[in-house]
Amino acid sequence: MTHAKITNQADVVAHLITSLGFTPTSSVALQLLNGSKVLASLRVDVAIPADTVPWAQQVVSIVQRLEHVTGVILISFEDDKAMTAGQYEELGDQLAHIGAPIVRAVLVTGGMVLDYDGDNADAEPWNEVETSPVGLETHLQLTKPAMHVADIPAYADRLEQEAKEQAGKLQTFDFESDKHRESLRDQFIGLVTEYQAQGQLTDQMAVWVAGAMHLKSTRDLVAVATATADMSLESITSMLLGDTVVEDREFFDHAIEMLFECAQYVTGVASANILCLLGWACWMTGRGSEAQNFLIKAEAEHPGHRLSELLTALIVQGKLPATALIDPNR
């Protein structure tokens with residue numbers, strides 16, 4: 001819960017940016033409200049003027065996925081592309097129609113922050129956003145792990161042989177077997193629990209994860225096991241597509257943090273797999289821009305990487321995972 005008072009446009013933008021975990025560009029961001037409480041923050045790409053009505057309908061459909069939304073704060077980030085006045089009006093009409101009107105609109109452009117519906121008299125410089133006490137407090141409260149693809153160290157080969165041996169052991173894994181899927185889940189949960197208790201990565205954890213990343217089936221199960229205990233085939237598909245909410249956000253964050261630390265111990269297709277998994281985790285929590293960075297690197301590591309291509313398509317289409325609509329601090 002944020003105790004610092006939001007007093008101006010800069011505070012609104014600072015709260016939004018720290019909630020998302022990145023600064024949007026050429027896009028529209030929304031904070032979904034129930035009364036004065038922020039339920040969730042999200043970002044959508046700007047559409048071309050000809051797509052005004054379909055774009056507004058798409059945004060409204062995302063808003064409607066979250067119950068009890070009574071209002072919306074809109075922040076338009078104008079760079080090389082910008083939301084048009086017609087798009088703003090159409091979106092406002094459609095949101096009002098579903099009972100979630102735009103209660104405040106802010107424009108970010110040219111290094112300034114101002115009231116979207118006002119004049120330049122209330123303009124505030126961008127550095128007011130950077131020093132906002134609201135943004136600082138929200139940043140300190142967020143539980144999201146700070147993952148950036150650029151922070152992954154260069155490949156370390158000291159565990160390479162052990163990882164290959166672990167991958168060999170997993171060759172007998174039967175994805176269609178309930179028992180096999182549940183056994184793999186339990187092994188992974190045990191490692192994450194140990195990671196939480198020790199607060200650091202061990203060679204045993206790194207070897208197990210590196211081995212699992214050599215196979216598509218075990219990669220997918222590791223991803224799903226970060227988010228749910230349900231290993232049914234239906235659950236696996238639903239979770240990978242972002243249609244199911246992460247069950248335990250604290251466990252999820254620690255699991256992804258552990259996987260991030262393991263990324264330096266894999267190469268080739270295994271590296272592409274773990275990068276893709278980390279990109280999926282960013283997408284699941286609403287960090288679409290950083291998700292794309294992970295997916296681009298996964299594609300570079302292994303051209304034609306199928307899951308990376310599928311996830312990239314979902315992001316480009318503007319699909320928002322169910323978990324991204326849930327405040328992790330509630």
# chains A, B, ... in the order shown; residues from 1 in each chain; ligands from 1

call {"tool": "residues_around", "arguments": {"residues": "Tyr88 in chain A", "least_positions_apart": "3", "cutoff": "10 Å", "atoms": "only C-alpha atoms", "output": "ChimeraX atom specification"}}
result
/A:28,52,56,74,76,83-85,91-93,102,105,116

call {"tool": "write_last_selection", "arguments": {"atoms": "all heavy atoms", "output": "tab-separated table (two decimals), in the first residue's frame"}}
result
chain	number	residue	atom	x	y	z
A	28	VAL	N	0.24	3.69	-24.70
A	28	VAL	CA	-0.73	4.17	-23.73
A	28	VAL	C	-0.72	3.23	-22.53
A	28	VAL	O	-0.76	2.01	-22.69
A	28	VAL	CB	-2.15	4.22	-24.34
A	28	VAL	CG1	-3.18	4.59	-23.28
A	28	VAL	CG2	-2.20	5.22	-25.49
A	52	THR	N	-8.83	2.90	-35.10
A	52	THR	CA	-9.28	3.55	-33.87
A	52	THR	C	-10.31	2.72	-33.11
A	52	THR	O	-10.13	2.44	-31.92
A	52	THR	CB	-9.87	4.94	-34.18
A	52	THR	OG1	-8.80	5.80	-34.62
A	52	THR	CG2	-10.52	5.55	-32.95
A	56	ALA	N	-9.67	0.57	-29.61
A	56	ALA	CA	-10.38	0.88	-28.37
A	56	ALA	C	-11.12	-0.35	-27.84
A	56	ALA	O	-11.14	-0.60	-26.63
A	56	ALA	CB	-11.37	2.03	-28.62
A	74	LEU	N	-5.40	7.29	-17.38
A	74	LEU	CA	-4.73	7.06	-18.65
A	74	LEU	C	-3.48	7.94	-18.74
A	74	LEU	O	-3.53	9.12	-18.42
A	74	LEU	CB	-5.68	7.37	-19.80
A	74	LEU	CG	-5.14	7.19	-21.23
A	74	LEU	CD1	-6.26	6.75	-22.17
A	74	LEU	CD2	-4.50	8.47	-21.77
A	76	SER	N	-0.60	8.83	-21.63
A	76	SER	CA	-0.17	8.69	-23.02
A	76	SER	C	1.30	9.09	-23.14
A	76	SER	O	1.67	10.23	-22.85
A	76	SER	CB	-1.02	9.58	-23.93
A	76	SER	OG	-0.58	9.50	-25.27
A	83	MET	N	-0.99	8.41	-29.49
A	83	MET	CA	-2.43	8.23	-29.56
A	83	MET	C	-3.06	9.49	-30.15
A	83	MET	O	-2.72	10.61	-29.76
A	83	MET	CB	-2.98	7.97	-28.14
A	83	MET	CG	-4.48	7.86	-28.06
A	83	MET	SD	-5.05	7.54	-26.36
A	83	MET	CE	-4.51	9.04	-25.52
A	84	THR	N	-3.99	9.32	-31.08
A	84	THR	CA	-4.65	10.47	-31.69
A	84	THR	C	-5.80	10.95	-30.80
A	84	THR	O	-6.27	10.23	-29.92
A	84	THR	CB	-5.22	10.11	-33.06
A	84	THR	OG1	-6.28	9.14	-32.89
A	84	THR	CG2	-4.14	9.52	-33.98
A	85	ALA	N	-6.24	12.16	-31.06
A	85	ALA	CA	-7.38	12.71	-30.32
A	85	ALA	C	-8.62	11.85	-30.53
A	85	ALA	O	-9.42	11.63	-29.61
A	85	ALA	CB	-7.65	14.15	-30.77
A	91	LEU	N	-11.85	5.71	-27.04
A	91	LEU	CA	-11.56	4.88	-25.87
A	91	LEU	C	-12.31	5.40	-24.66
A	91	LEU	O	-12.88	4.62	-23.88
A	91	LEU	CB	-10.06	4.88	-25.59
A	91	LEU	CG	-9.60	4.05	-24.37
A	91	LEU	CD1	-10.01	2.60	-24.52
A	91	LEU	CD2	-8.10	4.16	-24.20
A	92	GLY	N	-12.36	6.72	-24.49
A	92	GLY	CA	-13.09	7.29	-23.37
A	92	GLY	C	-14.56	6.94	-23.41
A	92	GLY	O	-15.16	6.60	-22.37
A	93	ASP	N	-15.15	6.99	-24.60
A	93	ASP	CA	-16.58	6.65	-24.74
A	93	ASP	C	-16.83	5.18	-24.39
A	93	ASP	O	-17.80	4.85	-23.70
A	93	ASP	CB	-17.05	6.93	-26.17
A	93	ASP	CG	-17.15	8.42	-26.47
A	93	ASP	OD1	-17.15	9.23	-25.51
A	93	ASP	OD2	-17.23	8.77	-27.67
A	102	ILE	N	-12.60	7.29	-17.88
A	102	ILE	CA	-11.28	7.88	-17.64
A	102	ILE	C	-11.47	9.01	-16.62
A	102	ILE	O	-12.15	10.01	-16.91
A	102	ILE	CB	-10.67	8.43	-18.95
A	102	ILE	CG1	-10.44	7.29	-19.94
A	102	ILE	CG2	-9.36	9.16	-18.66
A	102	ILE	CD1	-10.00	7.76	-21.33
A	105	ALA	N	-6.33	11.95	-17.10
A	105	ALA	CA	-5.50	11.65	-18.27
A	105	ALA	C	-4.26	12.54	-18.24
A	105	ALA	O	-4.36	13.74	-18.03
A	105	ALA	CB	-6.29	11.89	-19.56
A	116	TYR	N	-3.60	15.90	-19.94
A	116	TYR	CA	-3.94	15.60	-21.33
A	116	TYR	C	-5.04	16.53	-21.84
A	116	TYR	O	-5.04	16.94	-23.00
A	116	TYR	CB	-4.39	14.15	-21.47
A	116	TYR	CG	-4.48	13.67	-22.90
A	116	TYR	CD1	-3.41	13.04	-23.52
A	116	TYR	CD2	-5.64	13.87	-23.65
A	116	TYR	CE1	-3.48	12.62	-24.83
A	116	TYR	CE2	-5.72	13.46	-24.96
A	116	TYR	CZ	-4.65	12.83	-25.56
A	116	TYR	OH	-4.72	12.42	-26.87

call {"tool": "select_by_dssp", "arguments": {"residues": "range 223-325 of chain A", "states": "alpha helix (DSSP H)", "output": "NGL selection string"}}
result
:A and (223-225 or 233-240 or 249-262 or 268-284 or 288-301 or 306-316)

call {"tool": "closest_residue", "arguments": {"among": "A:Arg185, A:Lys81, A:Lys169, A:His254", "to": "Ala197 in chain A", "atoms": "only C-alpha atoms"}}
result
A:His254

call {"tool": "atom_distance", "arguments": {"atom1": "CA of Phe188 in chain A", "atom2": "CA of Leu278 in chain A"}}
result
15.9 Å

call {"tool": "atom_distance", "arguments": {"atom1": "CA of Arg181 in chain A", "atom2": "CA of Met231 in chain A"}}
result
6.4 Å

call {"tool": "closest_residue", "arguments": {"among": "A:Val245, A:Val113, A:Val69, A:Val12", "to": "Asn34 in chain A", "atoms": "only C-alpha atoms"}}
result
A:Val69

call {"tool": "residues_around", "arguments": {"residues": "Ile256 in chain A", "least_positions_apart": "2", "cutoff": "8 Å", "atoms": "only C-alpha atoms", "output": "PyMOL selection string"}}
result
chain A and resi 145+226+252-254+258-260+278+281

call {"tool": "closest_residue", "arguments": {"among": "A:Thr323, A:Asn273, A:Gln58, A:Thr23", "to": "Ser238 in chain A", "atoms": "only C-alpha atoms"}}
result
A:Thr323

call {"tool": "closest_residue", "arguments": {"among": "A:Lys319, A:Ile326, A:Leu107, A:Leu42", "to": "Arg249 in chain A", "atoms": "only C-alpha atoms"}}
result
A:Ile326

call {"tool": "residues_around", "arguments": {"residues": "Gly304 in chain A", "least_positions_apart": "4", "cutoff": "12 Å", "atoms": "only C-alpha atoms", "output": "list of chain:residue names"}}
result
A:Val269, A:Ala272, A:Asn273, A:Leu295, A:Ile296, A:Lys297, A:Ala298, A:Glu299, A:Ala300, A:Ser308, A:Glu309, A:Leu310

call {"tool": "residues_around", "arguments": {"residues": "Gly168 in chain A", "least_positions_apart": "5", "cutoff": "12 Å", "atoms": "only C-alpha atoms", "output": "MDAnalysis selection string"}}
result
chainID A and resid 161:163 173 207:208 210:215

call {"tool": "write_last_selection", "arguments": {"atoms": "all heavy atoms", "output": "tab-separated table (two decimals), in the first residue's frame"}}
result
chain	number	residue	atom	x	y	z
A	161	GLN	N	29.76	-30.64	-17.98
A	161	GLN	CA	29.67	-32.09	-18.01
A	161	GLN	C	28.56	-32.61	-17.13
A	161	GLN	O	27.78	-33.49	-17.54
A	161	GLN	CB	31.02	-32.70	-17.56
A	161	GLN	CG	31.07	-34.22	-17.68
A	161	GLN	CD	30.80	-34.72	-19.10
A	161	GLN	OE1	31.26	-34.12	-20.08
A	161	GLN	NE2	30.03	-35.79	-19.21
A	162	GLU	N	28.44	-32.05	-15.92
A	162	GLU	CA	27.36	-32.48	-15.01
A	162	GLU	C	25.99	-32.17	-15.61
A	162	GLU	O	25.05	-32.96	-15.47
A	162	GLU	CB	27.51	-31.79	-13.65
A	162	GLU	CG	28.73	-32.22	-12.86
A	162	GLU	CD	29.92	-31.30	-13.11
A	162	GLU	OE1	30.03	-30.77	-14.22
A	162	GLU	OE2	30.72	-31.14	-12.17
A	163	ALA	N	25.87	-31.03	-16.29
A	163	ALA	CA	24.60	-30.67	-16.91
A	163	ALA	C	24.23	-31.65	-18.02
A	163	ALA	O	23.06	-32.04	-18.17
A	163	ALA	CB	24.67	-29.24	-17.45
A	173	PHE	N	12.23	-39.16	-19.49
A	173	PHE	CA	11.05	-38.45	-19.00
A	173	PHE	C	9.90	-38.59	-20.00
A	173	PHE	O	10.06	-38.36	-21.20
A	173	PHE	CB	11.37	-36.97	-18.79
A	173	PHE	CG	10.18	-36.14	-18.40
A	173	PHE	CD1	9.71	-36.16	-17.09
A	173	PHE	CD2	9.54	-35.35	-19.34
A	173	PHE	CE1	8.61	-35.40	-16.73
A	173	PHE	CE2	8.44	-34.57	-18.98
A	173	PHE	CZ	7.98	-34.60	-17.68
A	207	VAL	N	22.95	-27.38	-11.92
A	207	VAL	CA	23.07	-28.58	-12.76
A	207	VAL	C	21.69	-29.12	-13.12
A	207	VAL	O	21.44	-29.49	-14.28
A	207	VAL	CB	23.92	-29.65	-12.04
A	207	VAL	CG1	23.79	-31.00	-12.75
A	207	VAL	CG2	25.38	-29.23	-11.99
A	208	TRP	N	20.81	-29.20	-12.15
A	208	TRP	CA	19.47	-29.74	-12.40
A	208	TRP	C	18.74	-28.88	-13.44
A	208	TRP	O	18.16	-29.38	-14.40
A	208	TRP	CB	18.67	-29.80	-11.10
A	208	TRP	CG	17.38	-30.56	-11.22
A	208	TRP	CD1	17.18	-31.88	-10.91
A	208	TRP	CD2	16.11	-30.05	-11.69
A	208	TRP	NE1	15.86	-32.22	-11.15
A	208	TRP	CE2	15.19	-31.13	-11.63
A	208	TRP	CE3	15.66	-28.83	-12.14
A	208	TRP	CZ2	13.85	-30.99	-12.01
A	208	TRP	CZ3	14.34	-28.68	-12.53
A	208	TRP	CH2	13.45	-29.76	-12.46
A	210	ALA	N	20.05	-26.70	-15.61
A	210	ALA	CA	20.74	-26.75	-16.90
A	210	ALA	C	20.37	-28.02	-17.66
A	210	ALA	O	20.14	-27.99	-18.87
A	210	ALA	CB	22.25	-26.67	-16.69
A	211	GLY	N	20.28	-29.13	-16.95
A	211	GLY	CA	19.89	-30.38	-17.58
A	211	GLY	C	18.46	-30.31	-18.11
A	211	GLY	O	18.18	-30.75	-19.24
A	212	ALA	N	17.57	-29.75	-17.31
A	212	ALA	CA	16.16	-29.66	-17.71
A	212	ALA	C	15.96	-28.76	-18.92
A	212	ALA	O	15.03	-28.96	-19.71
A	212	ALA	CB	15.33	-29.15	-16.53
A	213	MET	N	16.83	-27.77	-19.09
A	213	MET	CA	16.69	-26.84	-20.21
A	213	MET	C	17.09	-27.45	-21.54
A	213	MET	O	16.88	-26.85	-22.59
A	213	MET	CB	17.50	-25.57	-19.95
A	213	MET	CG	16.95	-24.69	-18.85
A	213	MET	SD	15.25	-24.11	-19.14
A	213	MET	CE	14.36	-25.04	-17.85
A	214	HIS	N	17.67	-28.65	-21.54
A	214	HIS	CA	18.05	-29.30	-22.79
A	214	HIS	C	16.85	-29.89	-23.53
A	214	HIS	O	16.94	-30.19	-24.73
A	214	HIS	CB	19.08	-30.40	-22.53
A	214	HIS	CG	20.48	-29.89	-22.36
A	214	HIS	ND1	20.92	-29.29	-21.21
A	214	HIS	CD2	21.54	-29.88	-23.22
A	214	HIS	CE1	22.19	-28.94	-21.36
A	214	HIS	NE2	22.59	-29.28	-22.56
A	215	LEU	N	15.74	-30.07	-22.83
A	215	LEU	CA	14.56	-30.72	-23.42
A	215	LEU	C	13.36	-29.78	-23.40
A	215	LEU	O	13.10	-29.10	-22.40
A	215	LEU	CB	14.22	-32.00	-22.66
A	215	LEU	CG	15.32	-33.05	-22.55
A	215	LEU	CD1	14.85	-34.18	-21.64
A	215	LEU	CD2	15.69	-33.58	-23.93

call {"tool": "residues_around", "arguments": {"residues": "Pro24 in chain A", "least_positions_apart": "3", "cutoff": "9 Å", "atoms": "only C-alpha atoms", "output": "list in words"}}
result
Ile17, Leu20, Ser27, Val28, Ala29, Arg43, Phe77 and Ser289 of chain A

call {"tool": "write_last_selection", "arguments": {"atoms": "all heavy atoms", "output": "PDB file, in the first residue's frame"}}
result
ATOM      1  N   ILE A  17       5.055   3.939 -13.640  1.00  0.00           N
ATOM      2  CA  ILE A  17       6.316   3.379 -14.139  1.00  0.00           C
ATOM      3  C   ILE A  17       6.876   2.336 -13.178  1.00  0.00           C
ATOM      4  O   ILE A  17       7.315   1.257 -13.588  1.00  0.00           O
ATOM      5  CB  ILE A  17       7.341   4.508 -14.375  1.00  0.00           C
ATOM      6  CG1 ILE A  17       6.928   5.326 -15.595  1.00  0.00           C
ATOM      7  CG2 ILE A  17       8.751   3.943 -14.572  1.00  0.00           C
ATOM      8  CD1 ILE A  17       7.776   6.558 -15.812  1.00  0.00           C
ATOM      9  N   LEU A  20       4.810  -0.881 -13.391  1.00  0.00           N
ATOM     10  CA  LEU A  20       5.090  -1.680 -14.584  1.00  0.00           C
ATOM     11  C   LEU A  20       6.491  -2.285 -14.551  1.00  0.00           C
ATOM     12  O   LEU A  20       6.725  -3.371 -15.070  1.00  0.00           O
ATOM     13  CB  LEU A  20       4.960  -0.811 -15.840  1.00  0.00           C
ATOM     14  CG  LEU A  20       3.561  -0.356 -16.260  1.00  0.00           C
ATOM     15  CD1 LEU A  20       3.664   0.553 -17.478  1.00  0.00           C
ATOM     16  CD2 LEU A  20       2.658  -1.543 -16.562  1.00  0.00           C
ATOM     17  N   SER A  27       3.264   4.640 -26.487  1.00  0.00           N
ATOM     18  CA  SER A  27       2.213   3.729 -26.054  1.00  0.00           C
ATOM     19  C   SER A  27       1.277   4.419 -25.067  1.00  0.00           C
ATOM     20  O   SER A  27       1.493   5.567 -24.666  1.00  0.00           O
ATOM     21  CB  SER A  27       2.811   2.474 -25.418  1.00  0.00           C
ATOM     22  OG  SER A  27       3.700   2.808 -24.381  1.00  0.00           O
ATOM     23  N   VAL A  28       0.242   3.689 -24.702  1.00  0.00           N
ATOM     24  CA  VAL A  28      -0.731   4.173 -23.726  1.00  0.00           C
ATOM     25  C   VAL A  28      -0.716   3.235 -22.531  1.00  0.00           C
ATOM     26  O   VAL A  28      -0.757   2.012 -22.691  1.00  0.00           O
ATOM     27  CB  VAL A  28      -2.153   4.220 -24.339  1.00  0.00           C
ATOM     28  CG1 VAL A  28      -3.183   4.591 -23.276  1.00  0.00           C
ATOM     29  CG2 VAL A  28      -2.195   5.222 -25.492  1.00  0.00           C
ATOM     30  N   ALA A  29      -0.628   3.796 -21.351  1.00  0.00           N
ATOM     31  CA  ALA A  29      -0.650   3.001 -20.127  1.00  0.00           C
ATOM     32  C   ALA A  29      -1.916   3.334 -19.349  1.00  0.00           C
ATOM     33  O   ALA A  29      -2.398   4.473 -19.380  1.00  0.00           O
ATOM     34  CB  ALA A  29       0.583   3.284 -19.276  1.00  0.00           C
ATOM     35  N   ARG A  43       0.025  -1.677 -20.093  1.00  0.00           N
ATOM     36  CA  ARG A  43       0.453  -0.856 -21.220  1.00  0.00           C
ATOM     37  C   ARG A  43      -0.016  -1.486 -22.520  1.00  0.00           C
ATOM     38  O   ARG A  43      -0.001  -2.706 -22.674  1.00  0.00           O
ATOM     39  CB  ARG A  43       1.979  -0.758 -21.220  1.00  0.00           C
ATOM     40  CG  ARG A  43       2.573  -0.155 -22.475  1.00  0.00           C
ATOM     41  CD  ARG A  43       3.963  -0.705 -22.732  1.00  0.00           C
ATOM     42  NE  ARG A  43       4.393  -0.463 -24.095  1.00  0.00           N
ATOM     43  CZ  ARG A  43       4.119  -1.232 -25.143  1.00  0.00           C
ATOM     44  NH1 ARG A  43       3.391  -2.329 -24.993  1.00  0.00           N
ATOM     45  NH2 ARG A  43       4.557  -0.936 -26.349  1.00  0.00           N
ATOM     46  N   PHE A  77       2.128   8.117 -23.550  1.00  0.00           N
ATOM     47  CA  PHE A  77       3.552   8.372 -23.756  1.00  0.00           C
ATOM     48  C   PHE A  77       3.772   8.604 -25.250  1.00  0.00           C
ATOM     49  O   PHE A  77       3.675   7.686 -26.059  1.00  0.00           O
ATOM     50  CB  PHE A  77       4.386   7.177 -23.281  1.00  0.00           C
ATOM     51  CG  PHE A  77       4.383   6.990 -21.792  1.00  0.00           C
ATOM     52  CD1 PHE A  77       3.362   6.278 -21.170  1.00  0.00           C
ATOM     53  CD2 PHE A  77       5.402   7.517 -21.015  1.00  0.00           C
ATOM     54  CE1 PHE A  77       3.360   6.097 -19.791  1.00  0.00           C
ATOM     55  CE2 PHE A  77       5.406   7.343 -19.632  1.00  0.00           C
ATOM     56  CZ  PHE A  77       4.379   6.631 -19.019  1.00  0.00           C
ATOM     57  N   SER A 289       8.085  -5.295 -22.582  1.00  0.00           N
ATOM     58  CA  SER A 289       9.280  -4.811 -23.277  1.00  0.00           C
ATOM     59  C   SER A 289      10.504  -5.652 -22.934  1.00  0.00           C
ATOM     60  O   SER A 289      11.275  -6.046 -23.818  1.00  0.00           O
ATOM     61  CB  SER A 289       9.538  -3.344 -22.920  1.00  0.00           C
ATOM     62  OG  SER A 289       8.496  -2.523 -23.378  1.00  0.00           O
TER      63      SER A 289
END

call {"tool": "atom_distance", "arguments": {"atom1": "CA of Glu250 in chain A", "atom2": "CA of Ala229 in chain A"}}
result
14.1 Å

call {"tool": "residues_around", "arguments": {"residues": "Val103 in chain A", "least_positions_apart": "3", "cutoff": "10 Å", "atoms": "only C-alpha atoms", "output": "ChimeraX atom specification"}}
result
/A:33,70-74,92,96,100

call {"tool": "closest_residue", "arguments": {"among": "A:Tyr195, A:Ala313, A:Glu182, A:Gln264", "to": "Val222 in chain A", "atoms": "only C-alpha atoms"}}
result
A:Glu182
